[in-house]
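Undergrad: Have a peek at data-v5.pdb (PDB, C-alpha atoms, pLDDT in the B column).
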```pdb
ATOM      1  CA  MET A   1       0.000   0.000   0.000  1.00 47.00           C
ATOM      2  CA  THR A   2       1.357   3.384  -0.947  1.00 51.00           C
ATOM      3  CA  THR A   3       1.079   5.899   1.841  1.00 48.00           C
ATOM      4  CA  ILE A   4       1.658   9.612   1.475  1.00 54.00           C
ATOM      5  CA  ALA A   5       2.610  10.171   5.111  1.00 64.00           C
ATOM      6  CA  ASP A   6       2.168   8.631   8.513  1.00 72.00           C
ATOM      7  CA  ASP A   7      -0.606  11.017   9.493  1.00 80.00           C
ATOM      8  CA  ALA A   8      -2.618  10.411   6.289  1.00 80.00           C
ATOM      9  CA  PRO A   9      -6.147   9.044   6.767  1.00 86.00           C
ATOM     10  CA  ALA A  10      -6.206   5.252   6.910  1.00 87.00           C
ATOM     11  CA  PRO A  11      -8.701   3.362   4.740  1.00 87.00           C
ATOM     12  CA  GLU A  12     -11.351   1.252   6.435  1.00 87.00           C
ATOM     13  CA  PRO A  13     -10.989  -2.478   5.834  1.00 88.00           C
ATOM     14  CA  ILE A  14     -13.647  -4.411   3.956  1.00 87.00           C
ATOM     15  CA  ARG A  15     -14.664  -7.907   5.029  1.00 85.00           C
ATOM     16  CA  PHE A  16     -12.589 -10.554   3.198  1.00 86.00           C
ATOM     17  CA  PHE A  17     -10.500  -7.831   1.506  1.00 87.00           C
ATOM     18  CA  GLY A  18      -8.881  -5.854   4.300  1.00 86.00           C
ATOM     19  CA  THR A  19      -7.364  -2.726   2.787  1.00 86.00           C
ATOM     20  CA  THR A  20      -6.185  -4.399  -0.434  1.00 86.00           C
ATOM     21  CA  TRP A  21      -8.984  -2.531  -2.251  1.00 87.00           C
ATOM     22  CA  VAL A  22      -7.034   0.726  -2.041  1.00 86.00           C
ATOM     23  CA  ASP A  23      -4.239  -0.293  -4.416  1.00 87.00           C
ATOM     24  CA  ARG A  24      -6.008  -3.189  -6.174  1.00 87.00           C
ATOM     25  CA  GLY A  25      -2.912  -5.349  -6.263  1.00 88.00           C
ATOM     26  CA  THR A  26      -2.707  -9.076  -6.992  1.00 91.00           C
ATOM     27  CA  ALA A  27      -3.994  -9.994  -3.518  1.00 90.00           C
ATOM     28  CA  TYR A  28      -7.110  -7.927  -4.175  1.00 90.00           C
ATOM     29  CA  TRP A  29      -7.852  -9.651  -7.491  1.00 92.00           C
ATOM     30  CA  ARG A  30      -7.223 -13.090  -6.003  1.00 92.00           C
ATOM     31  CA  ARG A  31      -9.629 -12.316  -3.177  1.00 91.00           C
ATOM     32  CA  ARG A  32     -12.209 -10.942  -5.625  1.00 91.00           C
ATOM     33  CA  VAL A  33     -12.195 -14.226  -7.532  1.00 94.00           C
ATOM     34  CA  LEU A  34     -12.364 -16.321  -4.358  1.00 94.00           C
ATOM     35  CA  VAL A  35     -15.163 -14.226  -2.845  1.00 93.00           C
ATOM     36  CA  SER A  36     -17.151 -14.396  -6.091  1.00 94.00           C
ATOM     37  CA  LEU A  37     -16.768 -18.167  -6.304  1.00 96.00           C
ATOM     38  CA  GLY A  38     -17.550 -18.577  -2.606  1.00 95.00           C
ATOM     39  CA  ALA A  39     -20.698 -16.453  -2.853  1.00 95.00           C
ATOM     40  CA  LEU A  40     -21.814 -18.361  -5.949  1.00 97.00           C
ATOM     41  CA  ALA A  41     -21.229 -21.714  -4.230  1.00 97.00           C
ATOM     42  CA  ALA A  42     -23.075 -20.536  -1.109  1.00 97.00           C
ATOM     43  CA  THR A  43     -25.977 -19.307  -3.255  1.00 96.00           C
ATOM     44  CA  ALA A  44     -26.201 -22.659  -5.021  1.00 97.00           C
ATOM     45  CA  ALA A  45     -26.023 -24.550  -1.715  1.00 97.00           C
ATOM     46  CA  GLY A  46     -28.725 -22.326  -0.214  1.00 96.00           C
ATOM     47  CA  ALA A  47     -30.985 -22.801  -3.232  1.00 96.00           C
ATOM     48  CA  LEU A  48     -30.494 -26.562  -2.997  1.00 97.00           C
ATOM     49  CA  LEU A  49     -31.329 -26.486   0.697  1.00 95.00           C
ATOM     50  CA  LEU A  50     -34.530 -24.538   0.053  1.00 94.00           C
ATOM     51  CA  ARG A  51     -35.410 -26.874  -2.829  1.00 94.00           C
ATOM     52  CA  LEU A  52     -35.053 -29.883  -0.529  1.00 94.00           C
ATOM     53  CA  GLY A  53     -37.278 -28.195   2.049  1.00 91.00           C
ATOM     54  CA  VAL A  54     -39.997 -27.448  -0.484  1.00 91.00           C
ATOM     55  CA  SER A  55     -39.704 -31.013  -1.860  1.00 91.00           C
ATOM     56  CA  GLY A  56     -40.241 -32.350   1.632  1.00 90.00           C
ATOM     57  CA  VAL A  57     -43.433 -30.340   1.972  1.00 89.00           C
ATOM     58  CA  ARG A  58     -44.576 -31.518  -1.471  1.00 89.00           C
ATOM     59  CA  ILE A  59     -43.947 -35.171  -0.545  1.00 89.00           C
ATOM     60  CA  SER A  60     -46.094 -34.710   2.550  1.00 87.00           C
ATOM     61  CA  GLY A  61     -49.067 -34.174   0.252  1.00 83.00           C
ATOM     62  CA  ALA A  62     -49.815 -30.525   1.043  1.00 80.00           C
ATOM     63  CA  ALA A  63     -49.928 -29.231  -2.543  1.00 78.00           C
ATOM     64  CA  PRO A  64     -51.507 -25.802  -1.805  1.00 84.00           C
ATOM     65  CA  LEU A  65     -48.950 -25.241   0.939  1.00 88.00           C
ATOM     66  CA  THR A  66     -46.130 -26.030  -1.501  1.00 89.00           C
ATOM     67  CA  VAL A  67     -47.288 -23.274  -3.844  1.00 90.00           C
ATOM     68  CA  LEU A  68     -47.562 -20.751  -0.989  1.00 92.00           C
ATOM     69  CA  LEU A  69     -44.182 -21.778   0.405  1.00 92.00           C
ATOM     70  CA  THR A  70     -42.524 -21.422  -2.998  1.00 93.00           C
ATOM     71  CA  LEU A  71     -44.126 -18.022  -3.494  1.00 95.00           C
ATOM     72  CA  ALA A  72     -43.076 -16.869  -0.013  1.00 95.00           C
ATOM     73  CA  ILE A  73     -39.484 -17.995  -0.565  1.00 95.00           C
ATOM     74  CA  GLY A  74     -39.394 -16.201  -3.926  1.00 95.00           C
ATOM     75  CA  VAL A  75     -40.719 -12.941  -2.493  1.00 96.00           C
ATOM     76  CA  CYS A  76     -38.379 -13.088   0.522  1.00 96.00           C
ATOM     77  CA  THR A  77     -35.431 -13.836  -1.745  1.00 96.00           C
ATOM     78  CA  ALA A  78     -36.225 -10.886  -4.002  1.00 96.00           C
ATOM     79  CA  LEU A  79     -36.700  -8.482  -1.079  1.00 95.00           C
ATOM     80  CA  ALA A  80     -33.513  -9.608   0.668  1.00 95.00           C
ATOM     81  CA  GLY A  81     -31.558  -9.368  -2.580  1.00 96.00           C
ATOM     82  CA  LEU A  82     -32.809  -5.822  -3.262  1.00 95.00           C
ATOM     83  CA  ARG A  83     -31.995  -4.746   0.279  1.00 94.00           C
ATOM     84  CA  THR A  84     -28.506  -6.221   0.152  1.00 93.00           C
ATOM     85  CA  TRP A  85     -27.827  -4.634  -3.238  1.00 94.00           C
ATOM     86  CA  LYS A  86     -28.872  -1.245  -1.868  1.00 92.00           C
ATOM     87  CA  ILE A  87     -26.662  -1.678   1.202  1.00 91.00           C
ATOM     88  CA  LEU A  88     -23.651  -2.625  -0.928  1.00 90.00           C
ATOM     89  CA  THR A  89     -24.097   0.205  -3.423  1.00 89.00           C
ATOM     90  CA  GLU A  90     -25.492   3.070  -1.340  1.00 89.00           C
ATOM     91  CA  GLY A  91     -24.747   2.120   2.274  1.00 86.00           C
ATOM     92  CA  ARG A  92     -26.863   1.115   5.230  1.00 86.00           C
ATOM     93  CA  ALA A  93     -27.675   4.755   5.992  1.00 85.00           C
ATOM     94  CA  SER A  94     -29.610   5.022   2.709  1.00 85.00           C
ATOM     95  CA  LEU A  95     -32.174   2.407   3.784  1.00 87.00           C
ATOM     96  CA  THR A  96     -35.619   3.835   4.374  1.00 86.00           C
ATOM     97  CA  GLY A  97     -39.079   2.444   4.966  1.00 87.00           C
ATOM     98  CA  TRP A  98     -39.445  -1.327   5.027  1.00 84.00           C
ATOM     99  CA  MET A  99     -35.811  -1.852   3.999  1.00 85.00           C
ATOM    100  CA  ALA A 100     -34.594  -0.232   7.211  1.00 86.00           C
ATOM    101  CA  GLU A 101     -36.533  -2.667   9.393  1.00 85.00           C
ATOM    102  CA  ASP A 102     -34.059  -5.135  10.866  1.00 84.00           C
ATOM    103  CA  ARG A 103     -35.963  -6.676  13.738  1.00 86.00           C
ATOM    104  CA  SER A 104     -39.512  -6.769  12.494  1.00 89.00           C
ATOM    105  CA  LEU A 105     -38.541  -8.239   9.112  1.00 91.00           C
ATOM    106  CA  ALA A 106     -35.786 -10.517  10.393  1.00 90.00           C
ATOM    107  CA  GLY A 107     -37.742 -13.571   9.224  1.00 91.00           C
ATOM    108  CA  VAL A 108     -37.961 -12.200   5.699  1.00 92.00           C
ATOM    109  CA  TRP A 109     -34.215 -11.564   5.613  1.00 92.00           C
ATOM    110  CA  LEU A 110     -33.554 -15.045   7.003  1.00 92.00           C
ATOM    111  CA  VAL A 111     -35.774 -16.845   4.495  1.00 93.00           C
ATOM    112  CA  GLY A 112     -34.379 -14.709   1.657  1.00 94.00           C
ATOM    113  CA  PHE A 113     -30.745 -15.498   2.402  1.00 95.00           C
ATOM    114  CA  THR A 114     -30.198 -16.811  -1.129  1.00 96.00           C
ATOM    115  CA  GLY A 115     -31.142 -13.382  -2.487  1.00 96.00           C
ATOM    116  CA  THR A 116     -28.586 -11.820  -0.178  1.00 95.00           C
ATOM    117  CA  LEU A 117     -25.916 -14.247  -1.344  1.00 96.00           C
ATOM    118  CA  ALA A 118     -26.831 -13.717  -4.999  1.00 96.00           C
ATOM    119  CA  ALA A 119     -26.625  -9.920  -4.601  1.00 95.00           C
ATOM    120  CA  TYR A 120     -23.253 -10.300  -2.890  1.00 94.00           C
ATOM    121  CA  PHE A 121     -22.055 -12.497  -5.771  1.00 95.00           C
ATOM    122  CA  LEU A 122     -23.252 -10.079  -8.438  1.00 94.00           C
ATOM    123  CA  ARG A 123     -21.733  -7.098  -6.645  1.00 92.00           C
ATOM    124  CA  SER A 124     -18.412  -8.924  -6.248  1.00 92.00           C
ATOM    125  CA  LEU A 125     -18.222  -9.216 -10.034  1.00 92.00           C
ATOM    126  CA  ALA A 126     -18.015  -5.414 -10.313  1.00 89.00           C
ATOM    127  CA  GLU A 127     -15.980  -4.562  -7.207  1.00 89.00           C
ATOM    128  CA  ALA A 128     -15.363  -5.683  -3.664  1.00 87.00           C
ATOM    129  CA  PRO A 129     -18.833  -5.417  -2.086  1.00 88.00           C
ATOM    130  CA  GLY A 130     -18.985  -2.026  -0.399  1.00 86.00           C
ATOM    131  CA  GLU A 131     -15.786  -0.801  -2.049  1.00 88.00           C
ATOM    132  CA  GLY A 132     -17.411   2.126  -3.848  1.00 88.00           C
ATOM    133  CA  LEU A 133     -18.686   3.593  -0.594  1.00 88.00           C
ATOM    134  CA  LYS A 134     -15.423   3.085   1.260  1.00 88.00           C
ATOM    135  CA  ARG A 135     -13.435   4.475  -1.679  1.00 89.00           C
ATOM    136  CA  ALA A 136     -15.592   7.628  -1.843  1.00 89.00           C
ATOM    137  CA  VAL A 137     -15.169   8.245   1.893  1.00 89.00           C
ATOM    138  CA  HIS A 138     -11.427   7.537   1.767  1.00 90.00           C
ATOM    139  CA  ASP A 139     -10.898   9.768  -1.287  1.00 89.00           C
ATOM    140  CA  GLU A 140     -12.816  12.597   0.383  1.00 92.00           C
ATOM    141  CA  GLU A 141     -10.817  12.250   3.614  1.00 90.00           C
ATOM    142  CA  THR A 142      -7.556  12.116   1.668  1.00 89.00           C
ATOM    143  CA  ALA A 143      -8.460  15.205  -0.379  1.00 91.00           C
ATOM    144  CA  THR A 144      -9.344  17.112   2.797  1.00 91.00           C
ATOM    145  CA  TRP A 145      -6.109  15.984   4.431  1.00 89.00           C
ATOM    146  CA  LEU A 146      -4.070  17.043   1.375  1.00 89.00           C
ATOM    147  CA  ARG A 147      -5.763  20.482   1.292  1.00 90.00           C
ATOM    148  CA  ARG A 148      -5.020  21.022   4.978  1.00 88.00           C
ATOM    149  CA  ARG A 149      -1.474  19.734   4.586  1.00 86.00           C
ATOM    150  CA  THR A 150      -0.840  22.029   1.609  1.00 87.00           C
ATOM    151  CA  ALA A 151      -2.345  25.023   3.404  1.00 85.00           C
ATOM    152  CA  ARG A 152      -0.227  24.290   6.484  1.00 82.00           C
ATOM    153  CA  ALA A 153       2.928  23.967   4.366  1.00 81.00           C
ATOM    154  CA  GLU A 154       2.193  27.267   2.597  1.00 83.00           C
ATOM    155  CA  ARG A 155       1.521  29.019   5.905  1.00 85.00           C
ATOM    156  CA  ASP A 156       4.753  27.648   7.375  1.00 81.00           C
ATOM    157  CA  ALA A 157       6.684  28.735   4.265  1.00 82.00           C
ATOM    158  CA  ARG A 158       5.290  32.278   4.543  1.00 83.00           C
ATOM    159  CA  LYS A 159       6.257  32.432   8.223  1.00 83.00           C
ATOM    160  CA  ALA A 160       9.755  31.193   7.437  1.00 81.00           C
ATOM    161  CA  ALA A 161      10.123  33.761   4.650  1.00 81.00           C
ATOM    162  CA  ARG A 162       9.045  36.552   7.024  1.00 81.00           C
ATOM    163  CA  ARG A 163      11.566  35.378   9.600  1.00 81.00           C
ATOM    164  CA  ARG A 164      14.361  35.380   7.021  1.00 81.00           C
ATOM    165  CA  ARG A 165      13.490  38.942   5.924  1.00 78.00           C
ATOM    166  CA  ARG A 166      13.843  40.293   9.455  1.00 71.00           C
TER
END
```
Could I get this file's structure written as structure tokens?

TA:
Amino acid sequence: MTTIADDAPAPEPIRFFGTTWVDRGTAYWRRRVLVSLGALAATAAGALLLRLGVSGVRISGAAPLTVLLTLAIGVCTALAGLRTWKILTEGRASLTGWMAEDRSLAGVWLVGFTGTLAAYFLRSLAEAPGEGLKRAVHDEETATWLRRRTARAERDARKAARRRRR
């Protein structure tokens, strides 16, 4: 990682990536591939698990319940996927309305875990999930730090020039 100075703002680490997202070196790309494959495998395993659960209900002979269960899983998966996508692209602070409900909709988020995993997989194809938000914050902090550092250096140079003139 290239650092301008010791007192420069430090980037926040991202889960599974640490701070490798700043420079995007070989470790970053290796982790991106592994995270993408891991999320895809977890999504497939979760879908298989849900499929087995629905098959068990179908075998029990409750056909109308199977349709309702499949519909409920589909809706929960879509809602959880949309919420996760929004969190990864815009941040948790941008959640409003029903998306911001953690406790009251915990069952929906739990049942829709495959949507969450699928959103994580799709986002990891473009960047480390959450990288855009962290990069924007880090770039803003770094720009502010550089402005202050430059202003301080100019002020110190003016003071030194005045001292030399005396």

Undergrad: First collect every listed atom of segment 17-22 of chain A; then fit an axis-aligned box around them, widen it by 5 Å on each side, and give centre and edge lengths in Å to one decimal, as JSON.

TA:
```
{"center_x": -8.3, "center_y": -3.6, "center_z": 1.0, "size_x": 14.3, "size_y": 18.6, "size_z": 16.6}
```

Undergrad: Segment 89-123 of chain A near segment 21-41 of chain A within 10 Å: what's each residue's closest atom pair and its distance in Å to one decimal, counting all atoms listed in the file, ordered by chain then ascending residue number, as JSON lines?

TA:
```
{"residue": "A:Thr114", "atom": "CA", "partner": "A:Ala39", "partner_atom": "CA", "distance": 9.7}
{"residue": "A:Thr116", "atom": "CA", "partner": "A:Ala39", "partner_atom": "CA", "distance": 9.5}
{"residue": "A:Leu117", "atom": "CA", "partner": "A:Ala39", "partner_atom": "CA", "distance": 5.9}
{"residue": "A:Ala118", "atom": "CA", "partner": "A:Leu40", "partner_atom": "CA", "distance": 6.9}
{"residue": "A:Ala119", "atom": "CA", "partner": "A:Ala39", "partner_atom": "CA", "distance": 9.0}
{"residue": "A:Tyr120", "atom": "CA", "partner": "A:Ala39", "partner_atom": "CA", "distance": 6.7}
{"residue": "A:Phe121", "atom": "CA", "partner": "A:Ala39", "partner_atom": "CA", "distance": 5.1}
{"residue": "A:Leu122", "atom": "CA", "partner": "A:Ser36", "partner_atom": "CA", "distance": 7.8}
{"residue": "A:Arg123", "atom": "CA", "partner": "A:Ser36", "partner_atom": "CA", "distance": 8.6}
```

Undergrad: Just checking: using only C-alpha atoms, which residue out of A:Thr142, A:Ser104, A:Thr43, A:Thr150 ends up closest to Thr77 of chain A?

TA: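 Going through A:Thr142, A:Ser104, A:Thr43, A:Thr150 one by one, the smallest distance to Thr77 of chain A is for A:Thr43.
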
Undergrad: In Å, with one decimal, what is the gap from atom CA of Gly81 of chain A to atom CA of Phe17 of chain A?

TA: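 A separation of 21.5 Å between them.
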
Undergrad: Just so the selection is clear, what residues does the PyMOL selection byres ((chain A and resi 14) around 10) cover here, as a ChimeraX atom specification?

TA: /A:11-13,15-21,128-131,134

Undergrad: Using only C-alpha atoms for the distances, tell me which of A:Arg51, A:Lys159, A:Arg147, A:Arg135 is nearest to Ile73 of chain A.

TA: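 Closest residue, counting only C-alpha atoms: A:Arg51.
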
Undergrad: Using all atoms listed in the file, can you tell me which of A:Leu69, A:Arg166, A:Ala42, A:Ala157 comes closest to Ser55 of chain A?

TA: A:Leu69

Undergrad: Measuring atom to atom with all atoms listed in the file, identify which of A:Ser124, A:Ile59, A:Asp6, A:Ala45 is nearest to Trp85 of chain A.

TA: A:Ser124

Undergrad: Assuming the chain letters and numbering stay as they are in my file, what does the PyMOL selection byres ((chain A and resi 89) around 8) actually select? List them as a ChimeraX atom specification.

TA: /A:85-88,90-91,129-130,132-133

Undergrad: Neighbouring residues of Leu71 of chain A were defined as those with any atom within 12 Å, considering all atoms listed in the file; residues of the same chain fewer than 6 positions away were excluded. Please report them as a PyMOL selection string.

TA: chain A and resi 54+64-65+77-78+111-112

Undergrad: Using all atoms listed in the file, which of A:Gly46, A:Pro9, A:Gly107, A:Gly53 sits nearest Leu79 of chain A?

TA: A:Gly107

Undergrad: Between atom CA of Phe113 of chain A and atom CA of Leu52 of chain A, what is the spacing in Å?

TA: 15.3 Å

Undergrad: What does the structure give for the distance between atom CA of Asp139 of chain A and atom CA of Ala8 of chain A, in Å to one decimal?

TA: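 Going from atom CA of Asp139 of chain A over to atom CA of Ala8 of chain A covers 11.2 Å.
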
Undergrad: Using all atoms listed in the file, find the one residue out of A:Cys76, A:Val57, A:Arg149, A:Ala63 that sits nearest to Ala106 of chain A.

TA: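 Going through A:Cys76, A:Val57, A:Arg149, A:Ala63 one by one, the smallest distance to Ala106 of chain A is for A:Cys76.
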